[in-house]
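To keep things clear, I will list the structure first and then write my remarks on it.
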Amino acid sequence: MGEEIGFAVTGAGEATASSPGLVDEERRYTLLRQITEEGGFAYVSSAEKASGGDLRAAEAAREMAWEQLHSGPWNEVVPAWRDAYAMACLHVAELRAGVGDRREALRALDMGLIMGGPLLRCDLDAAVQRMAAGRGAEDEVRVGSGDCADKWREGISKNQDVAEAIRILPNRSLTCKKVEKQSSLSLETFICDYFSRGCPVIISGCIDHWPARTRWKDIGYLKRVAGDRTVPVEVGKNYLCSEWKQELVTFSEFLERLHQSTNFPANLPYLAQHPLFEQIRELRDDIRIPDYCFAGGGELRSLNAWFGPRGTVTPLHHDPHHNLFAQVVGRKYVRLYPASASQSLYPHTESMLGNSSQVDLDNIDYEEFPEVEDLEFIDCILEEGEILYIPPKWWHYVRSLSTSFSVSFWWNATAYSREGT
């Protein structure tokens with residue numbers, strides 16, 4: 001028999017083991033009433049049967065909620081349907097685990113974490129932790145051979161020589177002004193000299209104490225703590241290309257593909273802008289929030305992972321938040337243009353892509369985009385162990401020079417901040 005993961009939740013999300021229901025009756029009743037008001041009568045019927053142990057009904061409820069999540073633009077999805085999807089994932093996971101199908105149970109929980117709403121996040125997290133605690137030797141993820149570890153280390157060490165790296169970078173790279181570098185910058189100096197003026201800066205020596213600095217170089221460790229978890233990855237050159245797509249794979253599958261696809265840009269897998277650390281708490285414990293993120297009365301908005309092989313590209317774009325970009329493993333090239341250069345960078349006219357440039361820096365069409373040719377920028381090679389501060393509205397292009405694992409901290413500020421000019 002599989003491990004039992006059923007539990008109830010009391011108060012503000014405190015789990016109590018061995019209770020008969022997955023979700024306390026009050027929250028369950030409230031959610032099903034909301035879904036009924038949205039016309040989800042079939043879902044409610046299936047959810048009732050699922051709570052009684054009907055796996056087919058649980059799968060049907062999950063499919064109905066999934067269809068609602070894809071019925072239109074994501075920001076127009078009724079929030080209750082995201083919570084309903086999470087509830088169905090919990091039911092599926094409980095019933096799958098009950099018949100010994102741990103792999104599918106864990107996949108269901110991950111899908112609930114990735115796509116579900118906030119109402120049942122604590123329940124999903126608790127279920128994942130209970131499954132991890134009950135994992136037997138037969139469930140351990142195979143770490144792999146020494147050859148795999150050798151390829152992993154080789155991927156991390158790529159393009160150490162600047163002359164080698166520059167051959168794959170956009171035209172004029174590393175010929176203009178470099179991003180300023182500082183070592184162990186105090187919070188006061190950061191605020192006065194960079195944050196308040198809206199100026200990018202590279203800071204070294206402030207993440208050396210992170211466990212991630214050593215643990216994430218060990219492919220065996222990554223597979224042990226996250227190998228059987230399901231994650232969304234991007235496949236293709238970048239999100240502006242027509243062949244770009246997204247896939248759901250296990251973290252182990254993703255790690256295996258990192259060193260198999262570097263010669264085929266159209267197949268590059270990239271775990272990009274994903275809240276991985278909300279989903280896999282073991283990896284969250286490997287990093288710390290830098291004090292710089294509290295500049296200007298800051299409030300952290302998102303914490304995302306950027307993990308991929310050599311050659312992954314984030315095309316030229318800008319973001320609305322302050323961004324502290326930590327380079328934990330490997331190296332990346334970053335080019336930045338100030339907000340004042342926006343019109344010369346030809347933003348897309350569609351609202352969904354309005355923060356992205358039409359200019360492909362890897363293959364610039366100077367006839368179509370003539371103002372780009374002599375436009376000034378600053379750039380750098382962001383080395384392992386460094387963090388880069390990117391002010392709001394600064395345009396940036398990023399290319400991985402090796403296998404690379406980065407973390408971005410986005411925060412809003414209420415004082416002292418000035419958008420880059």
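By order in the structure tokens, chains are A, B, ...; within a chain, residues start at 1; ligands start at 1, following the order shown.
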>> With only C-alpha atoms as the counted atoms, please give the residues lying no more than 12 Å from Asp285 (chain A), apart from itself and same-chain residues fewer than 6 positions off, as a ChimeraX atom specification.
In response: /A:210-212,215-216,225,276-279
Name all residues at most 12 Å from region 75-77 of chain A (count only C-alpha atoms; drop same-chain ones fewer than 5 positions away) and give them as a tab-separated table (two decimals) with N, CA and C atoms, in the first residue's frame.
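Everything below was put into result-v4.tsv:
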chain	number	residue	atom	x	y	z
A	38	GLU	N	-20.53	29.80	-10.05
A	38	GLU	CA	-19.92	29.99	-11.36
A	38	GLU	C	-20.44	29.00	-12.41
A	65	ALA	N	-11.67	21.52	-14.00
A	65	ALA	CA	-11.02	22.73	-13.51
A	65	ALA	C	-9.91	23.18	-14.46
A	66	TRP	N	-9.16	22.22	-15.01
A	66	TRP	CA	-8.09	22.52	-15.97
A	66	TRP	C	-8.66	23.25	-17.18
A	67	GLU	N	-9.78	22.80	-17.67
A	67	GLU	CA	-10.41	23.46	-18.82
A	67	GLU	C	-10.79	24.90	-18.49
A	68	GLN	N	-11.24	25.14	-17.27
A	68	GLN	CA	-11.57	26.51	-16.87
A	68	GLN	C	-10.33	27.39	-16.79
A	69	LEU	N	-9.20	26.81	-16.38
A	69	LEU	CA	-7.95	27.58	-16.31
A	69	LEU	C	-7.47	28.00	-17.69
A	70	HIS	N	-7.89	27.28	-18.71
A	70	HIS	CA	-7.46	27.57	-20.08
A	70	HIS	C	-8.60	28.09	-20.95
A	82	ARG	N	-9.05	28.32	-9.77
A	82	ARG	CA	-7.68	27.91	-9.44
A	82	ARG	C	-7.67	27.12	-8.14
A	83	ASP	N	-8.46	27.58	-7.17
A	83	ASP	CA	-8.55	26.84	-5.91
A	83	ASP	C	-9.23	25.49	-6.13
A	84	ALA	N	-10.22	25.46	-7.02
A	84	ALA	CA	-10.90	24.20	-7.32
A	84	ALA	C	-9.94	23.21	-7.97
A	85	TYR	N	-9.06	23.72	-8.82
A	85	TYR	CA	-8.06	22.85	-9.43
A	85	TYR	C	-7.15	22.25	-8.36
A	115	MET	N	-0.30	25.48	-10.69
A	115	MET	CA	-1.46	26.08	-11.35
A	115	MET	C	-2.58	26.48	-10.39
A	116	GLY	N	-2.56	25.95	-9.17
A	116	GLY	CA	-3.66	26.20	-8.24
A	116	GLY	C	-3.59	27.56	-7.58
A	117	GLY	N	-4.66	27.91	-6.91
A	117	GLY	CA	-4.73	29.19	-6.20
A	117	GLY	C	-4.11	29.10	-4.82
A	352	MET	N	0.55	42.85	-24.70
A	352	MET	CA	1.13	41.71	-23.98
A	352	MET	C	2.65	41.69	-24.07
>> I'd like to know which residues of region 53-261 of chain A are strand (DSSP E or B) (by DSSP, run on the backbone); could you write them as a PyMOL selection string?
In response: chain A and resi 177-178+181-183+201-204+230-235+245-250
Serialized selection, N, CA, C and O atoms, as a CSV table (one decimal), in the first residue's frame:
chain,number,residue,atom,x,y,z
A,177,LYS,N,30.8,51.0,-22.3
A,177,LYS,CA,31.0,51.2,-20.8
A,177,LYS,C,30.6,49.9,-20.1
A,177,LYS,O,29.5,49.3,-20.4
A,178,LYS,N,31.3,49.5,-19.1
A,178,LYS,CA,31.0,48.3,-18.3
A,178,LYS,C,30.2,48.7,-17.1
A,178,LYS,O,30.2,49.8,-16.6
A,181,LYS,N,31.4,47.7,-10.8
A,181,LYS,CA,31.5,46.6,-9.8
A,181,LYS,C,31.9,47.1,-8.4
A,181,LYS,O,32.8,47.9,-8.3
A,182,GLN,N,31.3,46.6,-7.4
A,182,GLN,CA,31.7,46.9,-6.0
A,182,GLN,C,31.7,45.6,-5.2
A,182,GLN,O,31.0,44.7,-5.5
A,183,SER,N,32.5,45.6,-4.2
A,183,SER,CA,32.7,44.4,-3.3
A,183,SER,C,32.0,44.7,-2.0
A,183,SER,O,32.3,45.7,-1.3
A,201,VAL,N,24.4,48.2,-10.8
A,201,VAL,CA,25.7,47.9,-10.2
A,201,VAL,C,25.8,46.4,-9.9
A,201,VAL,O,24.9,45.7,-9.7
A,202,ILE,N,27.1,45.9,-10.0
A,202,ILE,CA,27.4,44.5,-9.7
A,202,ILE,C,28.0,44.5,-8.3
A,202,ILE,O,28.9,45.3,-8.0
A,203,ILE,N,27.5,43.6,-7.5
A,203,ILE,CA,28.0,43.5,-6.1
A,203,ILE,C,28.6,42.1,-5.9
A,203,ILE,O,27.9,41.1,-6.1
A,204,SER,N,29.8,42.0,-5.4
A,204,SER,CA,30.4,40.7,-5.1
A,204,SER,C,30.5,40.5,-3.6
A,204,SER,O,30.5,41.5,-2.8
A,230,THR,N,7.8,17.8,-10.5
A,230,THR,CA,7.4,18.3,-11.8
A,230,THR,C,7.6,19.8,-11.9
A,230,THR,O,7.1,20.5,-11.1
A,231,VAL,N,8.2,20.2,-13.0
A,231,VAL,CA,8.5,21.7,-13.2
A,231,VAL,C,8.1,22.1,-14.6
A,231,VAL,O,8.2,21.3,-15.6
A,232,PRO,N,7.7,23.3,-14.9
A,232,PRO,CA,7.5,23.8,-16.2
A,232,PRO,C,8.8,24.4,-16.8
A,232,PRO,O,9.5,25.2,-16.2
A,233,VAL,N,9.1,24.0,-18.0
A,233,VAL,CA,10.3,24.5,-18.7
A,233,VAL,C,9.9,25.0,-20.1
A,233,VAL,O,9.0,24.6,-20.7
A,234,GLU,N,10.7,26.1,-20.5
A,234,GLU,CA,10.5,26.6,-21.8
A,234,GLU,C,11.5,25.9,-22.8
A,234,GLU,O,12.6,25.5,-22.4
A,235,VAL,N,11.0,25.7,-24.0
A,235,VAL,CA,11.8,25.0,-25.0
A,235,VAL,C,11.9,25.9,-26.3
A,235,VAL,O,10.8,26.2,-26.8
A,245,LYS,N,7.9,26.9,-27.0
A,245,LYS,CA,6.8,26.2,-26.3
A,245,LYS,C,7.2,25.9,-24.9
A,245,LYS,O,8.3,26.2,-24.4
A,246,GLN,N,6.2,25.4,-24.1
A,246,GLN,CA,6.4,25.0,-22.7
A,246,GLN,C,6.1,23.6,-22.5
A,246,GLN,O,5.2,23.0,-23.1
A,247,GLU,N,6.8,22.9,-21.6
A,247,GLU,CA,6.6,21.5,-21.3
A,247,GLU,C,6.6,21.3,-19.8
A,247,GLU,O,7.3,22.1,-19.1
A,248,LEU,N,6.0,20.2,-19.4
A,248,LEU,CA,6.1,19.8,-18.0
A,248,LEU,C,6.9,18.6,-17.9
A,248,LEU,O,6.5,17.5,-18.5
A,249,VAL,N,8.0,18.6,-17.1
A,249,VAL,CA,8.9,17.5,-17.0
A,249,VAL,C,9.3,17.3,-15.6
A,249,VAL,O,9.2,18.3,-14.8
A,250,THR,N,9.9,16.2,-15.2
A,250,THR,CA,10.4,16.1,-13.9
A,250,THR,C,11.8,16.8,-13.8
A,250,THR,O,12.4,17.0,-14.9
> Restricting the calculation to only C-alpha atoms, which member of A:Leu303, A:Cys122, A:Leu255, A:Ile207 is positioned closest to Gly220 (chain A)?
Replying inline: A:Leu255
> Near Glu154 (chain A), counting only C-alpha atoms, which residues have an atom at most 10 Å away, once you skip same-chain residues fewer than 5 positions from it, shown as a PyMOL selection string?
Replying inline: chain A and resi 148-149+259+402-403
Keeping only C-alpha atoms, take the residues you just selected and write them out as a CSV table (one decimal), in the first residue's frame.
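What follows is the written file result-v9.csv:
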chain,number,residue,atom,x,y,z
A,148,CYS,CA,26.8,12.5,-16.0
A,149,ALA,CA,28.5,14.4,-13.2
A,259,HIS,CA,23.9,18.8,-21.5
A,402,SER,CA,27.6,28.1,-19.4
A,403,THR,CA,25.2,25.9,-17.5
>> Please list as a PyMOL selection string every residue within 12 Å of Cys176 (chain A), counting only C-alpha atoms and excluding residues in the same chain fewer than 3 positions away.
In response: chain A and resi 171-173+179+335-337+374-380
Save the residues we just selected, all heavy atoms, as a tab-separated table (two decimals), in the first residue's frame?
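To be explicit, this is the file written out as selection35.tsv:
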chain	number	residue	atom	x	y	z
A	171	ASN	N	26.76	41.82	-31.48
A	171	ASN	CA	27.70	42.80	-32.02
A	171	ASN	C	27.98	43.91	-31.00
A	171	ASN	O	27.08	44.36	-30.30
A	171	ASN	CB	27.11	43.40	-33.30
A	171	ASN	CG	28.08	44.30	-34.02
A	171	ASN	OD1	29.28	44.03	-34.02
A	171	ASN	ND2	27.56	45.36	-34.63
A	172	ARG	N	29.23	44.32	-30.91
A	172	ARG	CA	29.72	45.40	-30.05
A	172	ARG	C	29.75	45.03	-28.56
A	172	ARG	O	29.97	45.89	-27.70
A	172	ARG	CB	28.88	46.68	-30.22
A	172	ARG	CG	28.91	47.29	-31.61
A	172	ARG	CD	27.93	48.43	-31.75
A	172	ARG	NE	28.26	49.53	-30.84
A	172	ARG	CZ	27.36	50.33	-30.28
A	172	ARG	NH1	26.06	50.13	-30.50
A	172	ARG	NH2	27.73	51.32	-29.49
A	173	SER	N	29.56	43.78	-28.23
A	173	SER	CA	29.59	43.37	-26.83
A	173	SER	C	30.95	43.65	-26.20
A	173	SER	O	32.00	43.46	-26.82
A	173	SER	CB	29.27	41.88	-26.69
A	173	SER	OG	27.93	41.63	-27.04
A	179	VAL	N	29.36	47.74	-16.66
A	179	VAL	CA	28.60	47.93	-15.43
A	179	VAL	C	29.59	48.04	-14.27
A	179	VAL	O	30.53	47.25	-14.15
A	179	VAL	CB	27.63	46.76	-15.18
A	179	VAL	CG1	26.85	46.99	-13.89
A	179	VAL	CG2	26.68	46.57	-16.36
A	335	ARG	N	23.42	42.75	-21.07
A	335	ARG	CA	23.51	44.08	-21.69
A	335	ARG	C	22.33	44.91	-21.22
A	335	ARG	O	21.20	44.41	-21.17
A	335	ARG	CB	23.49	43.98	-23.22
A	335	ARG	CG	23.54	45.34	-23.90
A	335	ARG	CD	23.53	45.26	-25.41
A	335	ARG	NE	24.73	44.63	-25.94
A	335	ARG	CZ	25.06	44.65	-27.23
A	335	ARG	NH1	24.27	45.27	-28.12
A	335	ARG	NH2	26.16	44.05	-27.64
A	336	LEU	N	22.57	46.18	-20.88
A	336	LEU	CA	21.53	47.06	-20.35
A	336	LEU	C	21.48	48.38	-21.09
A	336	LEU	O	22.53	48.97	-21.40
A	336	LEU	CB	21.77	47.33	-18.86
A	336	LEU	CG	21.83	46.12	-17.93
A	336	LEU	CD1	23.24	45.96	-17.40
A	336	LEU	CD2	20.85	46.27	-16.78
A	337	TYR	N	20.25	48.84	-21.35
A	337	TYR	CA	19.98	50.15	-21.92
A	337	TYR	C	19.07	50.91	-20.95
A	337	TYR	O	18.13	50.32	-20.39
A	337	TYR	CB	19.27	50.05	-23.26
A	337	TYR	CG	20.04	49.38	-24.38
A	337	TYR	CD1	20.02	47.99	-24.52
A	337	TYR	CD2	20.75	50.14	-25.31
A	337	TYR	CE1	20.69	47.38	-25.56
A	337	TYR	CE2	21.42	49.52	-26.36
A	337	TYR	CZ	21.39	48.14	-26.48
A	337	TYR	OH	22.07	47.53	-27.51
A	374	ASP	N	24.01	52.74	-33.25
A	374	ASP	CA	24.96	53.54	-32.49
A	374	ASP	C	24.47	53.84	-31.07
A	374	ASP	O	25.00	54.73	-30.40
A	374	ASP	CB	25.22	54.87	-33.22
A	374	ASP	CG	25.85	54.65	-34.59
A	374	ASP	OD1	26.75	53.80	-34.69
A	374	ASP	OD2	25.41	55.30	-35.56
A	375	LEU	N	23.49	53.08	-30.62
A	375	LEU	CA	22.91	53.33	-29.31
A	375	LEU	C	23.87	52.88	-28.21
A	375	LEU	O	24.43	51.78	-28.25
A	375	LEU	CB	21.59	52.58	-29.19
A	375	LEU	CG	20.57	53.06	-28.16
A	375	LEU	CD1	20.17	54.51	-28.44
A	375	LEU	CD2	19.34	52.16	-28.19
A	376	GLU	N	24.10	53.74	-27.24
A	376	GLU	CA	25.00	53.40	-26.14
A	376	GLU	C	24.33	52.45	-25.14
A	376	GLU	O	23.13	52.53	-24.90
A	376	GLU	CB	25.45	54.67	-25.41
A	376	GLU	CG	26.38	55.56	-26.24
A	376	GLU	CD	27.68	54.86	-26.59
A	376	GLU	OE1	28.30	54.27	-25.67
A	376	GLU	OE2	28.05	54.86	-27.78
A	377	PHE	N	25.13	51.59	-24.57
A	377	PHE	CA	24.63	50.65	-23.57
A	377	PHE	C	25.75	50.38	-22.59
A	377	PHE	O	26.90	50.80	-22.78
A	377	PHE	CB	24.18	49.33	-24.22
A	377	PHE	CG	25.24	48.64	-25.05
A	377	PHE	CD1	26.18	47.81	-24.45
A	377	PHE	CD2	25.29	48.82	-26.43
A	377	PHE	CE1	27.16	47.18	-25.20
A	377	PHE	CE2	26.27	48.19	-27.19
A	377	PHE	CZ	27.21	47.36	-26.58
A	378	ILE	N	25.43	49.68	-21.50
A	378	ILE	CA	26.45	49.16	-20.60
A	378	ILE	C	26.27	47.65	-20.54
A	378	ILE	O	25.16	47.14	-20.74
A	378	ILE	CB	26.38	49.78	-19.19
A	378	ILE	CG1	25.00	49.56	-18.55
A	378	ILE	CG2	26.71	51.26	-19.24
A	378	ILE	CD1	24.91	50.07	-17.12
A	379	ASP	N	27.35	46.92	-20.31
A	379	ASP	CA	27.23	45.47	-20.28
A	379	ASP	C	28.27	44.86	-19.34
A	379	ASP	O	29.13	45.56	-18.78
A	379	ASP	CB	27.31	44.87	-21.69
A	379	ASP	CG	28.65	45.09	-22.38
A	379	ASP	OD1	29.51	45.80	-21.82
A	379	ASP	OD2	28.84	44.55	-23.49
A	380	CYS	N	28.18	43.55	-19.19
A	380	CYS	CA	29.09	42.85	-18.28
A	380	CYS	C	29.00	41.36	-18.50
A	380	CYS	O	28.05	40.86	-19.12
A	380	CYS	CB	28.75	43.16	-16.83
A	380	CYS	SG	27.15	42.50	-16.30
>> I need the alpha helix (DSSP H) residues of region 195-270 of chain A per DSSP on the backbone, written as a PyMOL selection string.
In response: chain A and resi 212-215+219-226+251-258
> From the set A:Asp208, A:Asp110, A:Glu243, A:Asp125, which residue has the shortest atom-to-atom contact distance to Gly385 (chain A), counting only C-alpha atoms?
Replying inline: A:Asp208
>> Could you check the closest approach to Cys206 (chain A) for each of A:Phe294, A:Glu386, A:Glu48, A:Trp74 and tell me which residue wins, using only C-alpha atoms?
In response: A:Glu386
> Neighbours of region 310-319 of chain A within 8 Å (only C-alpha atoms; same-chain residues fewer than 4 positions away dropped), as number ranges by chain?
Replying inline: A: 155, 158, 237-240, 262, 265, 268-270, 355-357, 359-361, 392-404
>> Taking only C-alpha atoms into account, name the residue in A:Tyr292, A:Gln160, A:Cys89, A:Leu109 that is nearest to Thr189 (chain A).
In response: A:Tyr292
>> as number ranges by chain, please: the residues near Gly227 (chain A) (cut-off 8 Å, only C-alpha atoms, same-chain neighbours under 5 positions excluded).
In response: A: 141, 222, 250-253
> Which distance in Å separates CA of Leu55 (chain A) and CA of Val78 (chain A), to one decimal?
Replying inline: 25.3 Å
